[in-house]
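Here is the structure we will look at.
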Amino acid sequence: MVRMKRNPTRPVRVGRTTLGGGHPVAVQSMCATRTQDVDATVEQAEAIRRAGGDLVRVAVDAPKDVEALSEVRRQTTANLVVDLQENYRLAARVAPHVDKVRYNPGHLYHHEKDKPVLQKVRSLVEVAREHDCAVRIGVNCGSVDPDIKARYPGDDVQAMVESALEHCRYMDDLGFDRYVVSLKDSHPRKVIEANQRFAAARPDVPLHLGVTEAGIPPEGIVKTRVALEQLLSRGIGDTLRVSLTLPNPRKHEEILVGRQILADIAAGRFRSVPVFDDDTLNIISCPSCSRVENERFVELAEAVKAMTVYAQRHALTIAVMGCRVNGPGETDDADLGLWCGPTHVNLKRRTESIGAFTYDEILPRLKQELDALIASRTAVEAG
Ligand code: SF4
């Protein structure tokens, strides 16, 4: 059991695990199998649990996923969390089968826009209460509620923090205290800043830490380690996920990496420098989940990494995302972004769409764009 300095957060029970309140930092992961493939999802949930995972998250996007989830629940003893990105209206149907529900305030904002956000939060809280579930308010920098984002121009970290604080107030006003918060970005610096600011404002709320879309190991591990070392060593964080782009048979390695980072911090073995280098090529890629519509996604992320080695000394960001749920928004800040559909990969230059290309066409097209970007930057630098 890992013991280290911890902020005095209140305890939030999730199934058999308790987050916060001085309990050991819990380590979690998420299934990347198709939720409707019950055998594969159970196998992965069990692999994560056996590797030491305290919580296993599963995505639900359609009524058929709910049916599958009830069967997954029957076949695994893992503490299950459901991830409702765009589908908060399915909450009442999934809650009976899980121990925690995660929602994204940014996505909640966009659905049933005529309903006040508080009303949508209230319905989630009622469901959570009825089915003995905890809730995670999961804020992602790439999908912050646009009204809040507009109030903090140039400070997307504060926009994330304010969005989380606003939803904490909703929970508090509803008298519901079984909630935790996460504030994630693909850059460790923003993750560190956001969590520090939030923890200063709400030291009582347990925090779920993670660098989203950290990418392929070893870079994905380094980014996560940089953020976790800075936060956990200050007592911030009650549970964590290491989001790595890994093929399905290796998904449980996220838990092993998380446990290793925790053990190193507890033993005072700090391996990373406290700043993350911004002067080189930065490839971010999502850890994949059941929403991936083409299994070539992980292979594509690896191919992008291999193909772009020649551009290593250029300070550019390339984002590779697995699906349309988070792909379009979370690639907006990247110099070049790819997000995967069933047969085509969408290519973007920041917010501008370049087009959709088949999985066989995308790499040469990406190289063409990357070369053009490098050439234009070199020309500007040469004056
Ligand atoms: S981008 Fe899509 S596939 Fe990737 S983790 Fe996010 S929701 Fe899942």
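Each chain in the structure tokens gets a letter, A, B, ..., in the order shown, and its residues are numbered from 1; ligands are numbered from 1 in order too.
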- Message: Counting only C-alpha atoms and all ligand atoms, what are the residues, protein, DNA or RNA alike, that approach ligand 1 to within 8 Å? I want them as a ChimeraX atom specification.
- Response: /A:32,85,213,285-293,321-327,330,339
Written selection (N, CA and C atoms) as a short mmCIF file (atom, residue, chain, number, x, y, z; two decimals), in the first residue's frame:
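Output (part.cif):
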```cif
data_model
loop_
_atom_site.label_atom_id
_atom_site.label_comp_id
_atom_site.auth_asym_id
_atom_site.auth_seq_id
_atom_site.Cartn_x
_atom_site.Cartn_y
_atom_site.Cartn_z
N ALA A 32 -10.95 -0.41 -24.02
CA ALA A 32 -10.93 0.12 -25.38
C ALA A 32 -11.63 -0.83 -26.34
N GLN A 85 -20.14 10.49 -22.50
CA GLN A 85 -19.62 11.73 -23.12
C GLN A 85 -20.80 12.52 -23.67
N GLU A 213 -4.87 11.89 -23.69
CA GLU A 213 -4.21 11.71 -24.99
C GLU A 213 -2.69 11.78 -24.87
N SER A 285 -1.81 11.42 -28.70
CA SER A 285 -2.81 10.50 -29.26
C SER A 285 -3.66 9.96 -28.13
N CYS A 286 -4.94 9.78 -28.43
CA CYS A 286 -5.87 9.35 -27.38
C CYS A 286 -5.61 7.89 -27.03
N PRO A 287 -6.05 7.48 -25.85
CA PRO A 287 -5.77 6.09 -25.43
C PRO A 287 -6.69 5.08 -26.10
N SER A 288 -7.62 5.55 -26.92
CA SER A 288 -8.65 4.73 -27.58
C SER A 288 -9.65 4.20 -26.55
N CYS A 289 -10.84 3.93 -27.03
CA CYS A 289 -11.86 3.33 -26.18
C CYS A 289 -12.85 2.65 -27.12
N SER A 290 -13.98 2.25 -26.61
CA SER A 290 -14.91 1.50 -27.45
C SER A 290 -15.45 2.34 -28.60
N ARG A 291 -15.21 3.65 -28.55
CA ARG A 291 -15.77 4.50 -29.61
C ARG A 291 -14.93 4.49 -30.88
N VAL A 292 -13.73 3.90 -30.83
CA VAL A 292 -12.91 3.81 -32.03
C VAL A 292 -13.69 3.04 -33.09
N GLU A 293 -13.80 3.63 -34.28
CA GLU A 293 -14.63 2.99 -35.30
C GLU A 293 -13.82 2.17 -36.30
N MET A 321 -6.49 11.23 -33.01
CA MET A 321 -7.60 10.88 -32.13
C MET A 321 -8.46 9.77 -32.76
N GLY A 322 -9.05 8.95 -31.89
CA GLY A 322 -9.70 7.72 -32.34
C GLY A 322 -11.11 7.84 -32.88
N CYS A 323 -11.81 8.97 -32.60
CA CYS A 323 -13.21 8.99 -33.04
C CYS A 323 -13.75 10.40 -33.14
N ARG A 324 -15.01 10.49 -33.57
CA ARG A 324 -15.63 11.81 -33.79
C ARG A 324 -16.12 12.44 -32.49
N VAL A 325 -16.18 11.68 -31.38
CA VAL A 325 -16.73 12.24 -30.14
C VAL A 325 -15.79 13.34 -29.61
N ASN A 326 -14.52 13.00 -29.48
CA ASN A 326 -13.57 14.00 -29.00
C ASN A 326 -12.60 14.47 -30.07
N GLY A 327 -12.58 13.77 -31.20
CA GLY A 327 -11.60 14.07 -32.25
C GLY A 327 -11.69 15.49 -32.78
N GLU A 330 -10.76 18.14 -29.90
CA GLU A 330 -9.46 18.03 -29.22
C GLU A 330 -8.28 18.14 -30.19
N TRP A 339 -8.39 12.76 -37.02
CA TRP A 339 -9.36 11.99 -36.22
C TRP A 339 -10.06 10.97 -37.09
#
```
- Identify, on the basis of only C-alpha atoms, every residue whose closest approach to Cys141 of chain A does not exceed 7 Å; exclude the query and any residue fewer than 3 positions from it along the same chain; express the result as a PyMOL selection string. chain A and resi 144+156+160+184-185
Can those selected residues be exported to a file as an mmCIF file, in the first residue's frame so that it contains N, CA and C atoms?
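The new file out23.cif reads:
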```cif
data_model
loop_
_atom_site.group_PDB
_atom_site.id
_atom_site.type_symbol
_atom_site.label_atom_id
_atom_site.label_comp_id
_atom_site.auth_asym_id
_atom_site.auth_seq_id
_atom_site.Cartn_x
_atom_site.Cartn_y
_atom_site.Cartn_z
ATOM 1 N N VAL A 144 -14.296 22.477 -23.251
ATOM 2 C CA VAL A 144 -14.887 23.277 -22.167
ATOM 3 C C VAL A 144 -16.163 23.959 -22.671
ATOM 4 N N ASP A 156 -7.130 29.195 -20.992
ATOM 5 C CA ASP A 156 -7.994 28.002 -21.036
ATOM 6 C C ASP A 156 -7.868 27.151 -19.777
ATOM 7 N N MET A 160 -11.129 25.875 -17.613
ATOM 8 C CA MET A 160 -11.347 24.497 -17.118
ATOM 9 C C MET A 160 -11.701 24.516 -15.636
ATOM 10 N N LYS A 184 -8.386 17.703 -17.277
ATOM 11 C CA LYS A 184 -7.356 17.077 -18.104
ATOM 12 C C LYS A 184 -7.039 17.873 -19.367
ATOM 13 N N ASP A 185 -5.780 17.726 -19.777
ATOM 14 C CA ASP A 185 -5.311 18.271 -21.042
ATOM 15 C C ASP A 185 -4.209 17.337 -21.533
#
```
Once DSSP has gone over the backbone, tell me which residues of segment 222-365 of chain A are in alpha helix (DSSP H), as a compact mmCIF listing (two decimals) with C-alpha atoms, in the first residue's frame.
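Dumped to part_6.txt:
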```txt
# COMPACT_ATOMS: atom_id res chain seq x y z
CA VAL A 222 6.96 10.64 -19.59
CA LYS A 223 4.23 13.27 -20.03
CA THR A 224 2.08 11.60 -17.39
CA ARG A 225 4.95 11.15 -14.98
CA VAL A 226 5.89 14.85 -15.26
CA ALA A 227 2.37 15.89 -14.25
CA LEU A 228 1.83 13.28 -11.56
CA GLU A 229 5.17 13.92 -9.87
CA GLN A 230 4.40 17.62 -9.58
CA LEU A 231 0.90 17.08 -8.24
CA LEU A 232 1.12 13.97 -6.05
CA GLU A 253 -0.20 -1.88 -18.77
CA GLU A 254 -1.74 1.52 -17.93
CA ILE A 255 -2.26 0.16 -14.42
CA LEU A 256 1.29 -1.17 -14.11
CA VAL A 257 2.70 2.19 -15.21
CA GLY A 258 0.43 4.06 -12.78
CA ARG A 259 1.47 1.83 -9.87
CA GLN A 260 5.14 2.23 -10.78
CA ILE A 261 4.84 6.04 -10.83
CA LEU A 262 3.09 5.97 -7.43
CA ALA A 263 5.74 3.69 -5.95
CA ASP A 264 8.53 5.91 -7.28
CA ILE A 265 6.98 9.08 -5.87
CA ALA A 266 6.37 7.43 -2.49
CA PHE A 297 -6.32 3.55 -35.08
CA VAL A 298 -3.49 2.35 -32.80
CA GLU A 299 -1.48 1.17 -35.80
CA LEU A 300 -2.04 4.60 -37.39
CA ALA A 301 -0.86 6.43 -34.25
CA GLU A 302 2.30 4.30 -34.24
CA ALA A 303 2.82 4.89 -37.97
CA VAL A 304 2.45 8.67 -37.48
CA LYS A 305 5.08 8.57 -34.77
CA ALA A 306 7.49 6.56 -36.95
CA MET A 307 6.89 8.63 -40.09
CA GLY A 327 -11.60 14.07 -32.25
CA PRO A 328 -12.91 17.27 -33.89
CA GLY A 329 -12.64 19.41 -30.72
CA GLU A 330 -9.46 18.03 -29.22
CA ILE A 362 -3.48 9.48 -44.91
CA LEU A 363 0.22 9.08 -44.13
CA PRO A 364 1.58 10.51 -47.40
CA ARG A 365 -1.00 13.32 -47.16
```
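DSSP on the backbone gives strand (DSSP E or B) for these parts of segment 290-352 of chain A: A:Thr317, A:Ile318, A:Ala319, A:Val320, A:Met321, A:Leu336, A:Gly337, A:Leu338, A:Trp339, A:Cys340, A:His344, A:Val345, A:Asn346, A:Leu347, A:Lys348, A:Arg349, A:Glu352.
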- Task: Excluding segment 250-252 of chain A and any residue of its chain fewer than 2 positions from it, enumerate the residues within 12 Å of it, using only C-alpha atoms, and give them as a ChimeraX atom specification.
- Result: /A:27-33,41,43-56,216-217,241-248,254-259,287-289,298
Taking C-alpha atoms for each residue, export the selection above as a JSON list (two decimals), in the first residue's frame.
```json
[["chain", "number", "residue", "atom", "x", "y", "z"],
["A", 27, "VAL", "CA", -5.38, 3.52, -10.12],
["A", 28, "GLN", "CA", -7.81, 3.10, -12.97],
["A", 29, "SER", "CA", -8.06, 2.44, -16.68],
["A", 30, "MET", "CA", -10.67, 2.23, -19.40],
["A", 31, "CYS", "CA", -11.71, -0.56, -21.73],
["A", 32, "ALA", "CA", -10.93, 0.12, -25.38],
["A", 33, "THR", "CA", -12.89, -2.87, -26.64],
["A", 41, "THR", "CA", -14.87, -6.24, -22.73],
["A", 43, "GLU", "CA", -11.64, -10.06, -20.70],
["A", 44, "GLN", "CA", -10.15, -6.57, -20.75],
["A", 45, "ALA", "CA", -11.93, -5.42, -17.59],
["A", 46, "GLU", "CA", -10.62, -8.52, -15.81],
["A", 47, "ALA", "CA", -7.10, -7.99, -17.16],
["A", 48, "ILE", "CA", -7.19, -4.42, -15.79],
["A", 49, "ARG", "CA", -8.56, -5.62, -12.45],
["A", 50, "ARG", "CA", -5.98, -8.42, -12.14],
["A", 51, "ALA", "CA", -3.20, -5.93, -12.94],
["A", 52, "GLY", "CA", -4.29, -3.98, -9.83],
["A", 53, "GLY", "CA", -6.87, -1.64, -11.35],
["A", 54, "ASP", "CA", -9.23, -0.27, -8.70],
["A", 55, "LEU", "CA", -11.75, 1.05, -11.21],
["A", 56, "VAL", "CA", -12.53, 0.07, -14.80],
["A", 216, "ILE", "CA", 2.32, 6.08, -27.21],
["A", 217, "PRO", "CA", 4.89, 4.86, -24.66],
["A", 241, "ARG", "CA", -5.31, 7.18, -14.97],
["A", 242, "VAL", "CA", -2.35, 6.86, -17.31],
["A", 243, "SER", "CA", -3.89, 7.31, -20.79],
["A", 244, "LEU", "CA", -1.69, 5.44, -23.25],
["A", 245, "THR", "CA", -2.23, 4.53, -26.88],
["A", 246, "LEU", "CA", -1.78, 0.77, -26.62],
["A", 247, "PRO", "CA", -3.20, -2.21, -28.52],
["A", 248, "ASN", "CA", -5.97, -4.03, -26.67],
["A", 254, "GLU", "CA", -1.74, 1.52, -17.93],
["A", 255, "ILE", "CA", -2.26, 0.16, -14.42],
["A", 256, "LEU", "CA", 1.29, -1.17, -14.11],
["A", 257, "VAL", "CA", 2.70, 2.19, -15.21],
["A", 258, "GLY", "CA", 0.43, 4.06, -12.78],
["A", 259, "ARG", "CA", 1.47, 1.83, -9.87],
["A", 287, "PRO", "CA", -5.77, 6.09, -25.43],
["A", 288, "SER", "CA", -8.65, 4.73, -27.58],
["A", 289, "CYS", "CA", -11.86, 3.33, -26.18],
["A", 298, "VAL", "CA", -3.49, 2.35, -32.80]]
```
With a cut-off of 12 Å, could you pull out the residues of segment 44-107 of chain A touching segment 112-119 of chain A and give me the nearest pair of atoms for each, distance in Å to one decimal, using only C-alpha atoms, ordered by chain and ascending number, as JSON lines?
```
{"residue": "A:Glu86", "atom": "CA", "partner": "A:Glu112", "partner_atom": "CA", "distance": 10.7}
{"residue": "A:Asn87", "atom": "CA", "partner": "A:Glu112", "partner_atom": "CA", "distance": 10.8}
{"residue": "A:Tyr88", "atom": "CA", "partner": "A:Glu112", "partner_atom": "CA", "distance": 10.2}
{"residue": "A:Arg89", "atom": "CA", "partner": "A:Glu112", "partner_atom": "CA", "distance": 9.7}
{"residue": "A:Asn104", "atom": "CA", "partner": "A:Val117", "partner_atom": "CA", "distance": 11.7}
{"residue": "A:Pro105", "atom": "CA", "partner": "A:Val117", "partner_atom": "CA", "distance": 8.6}
{"residue": "A:Gly106", "atom": "CA", "partner": "A:Val117", "partner_atom": "CA", "distance": 10.3}
{"residue": "A:His107", "atom": "CA", "partner": "A:Glu112", "partner_atom": "CA", "distance": 10.3}
```
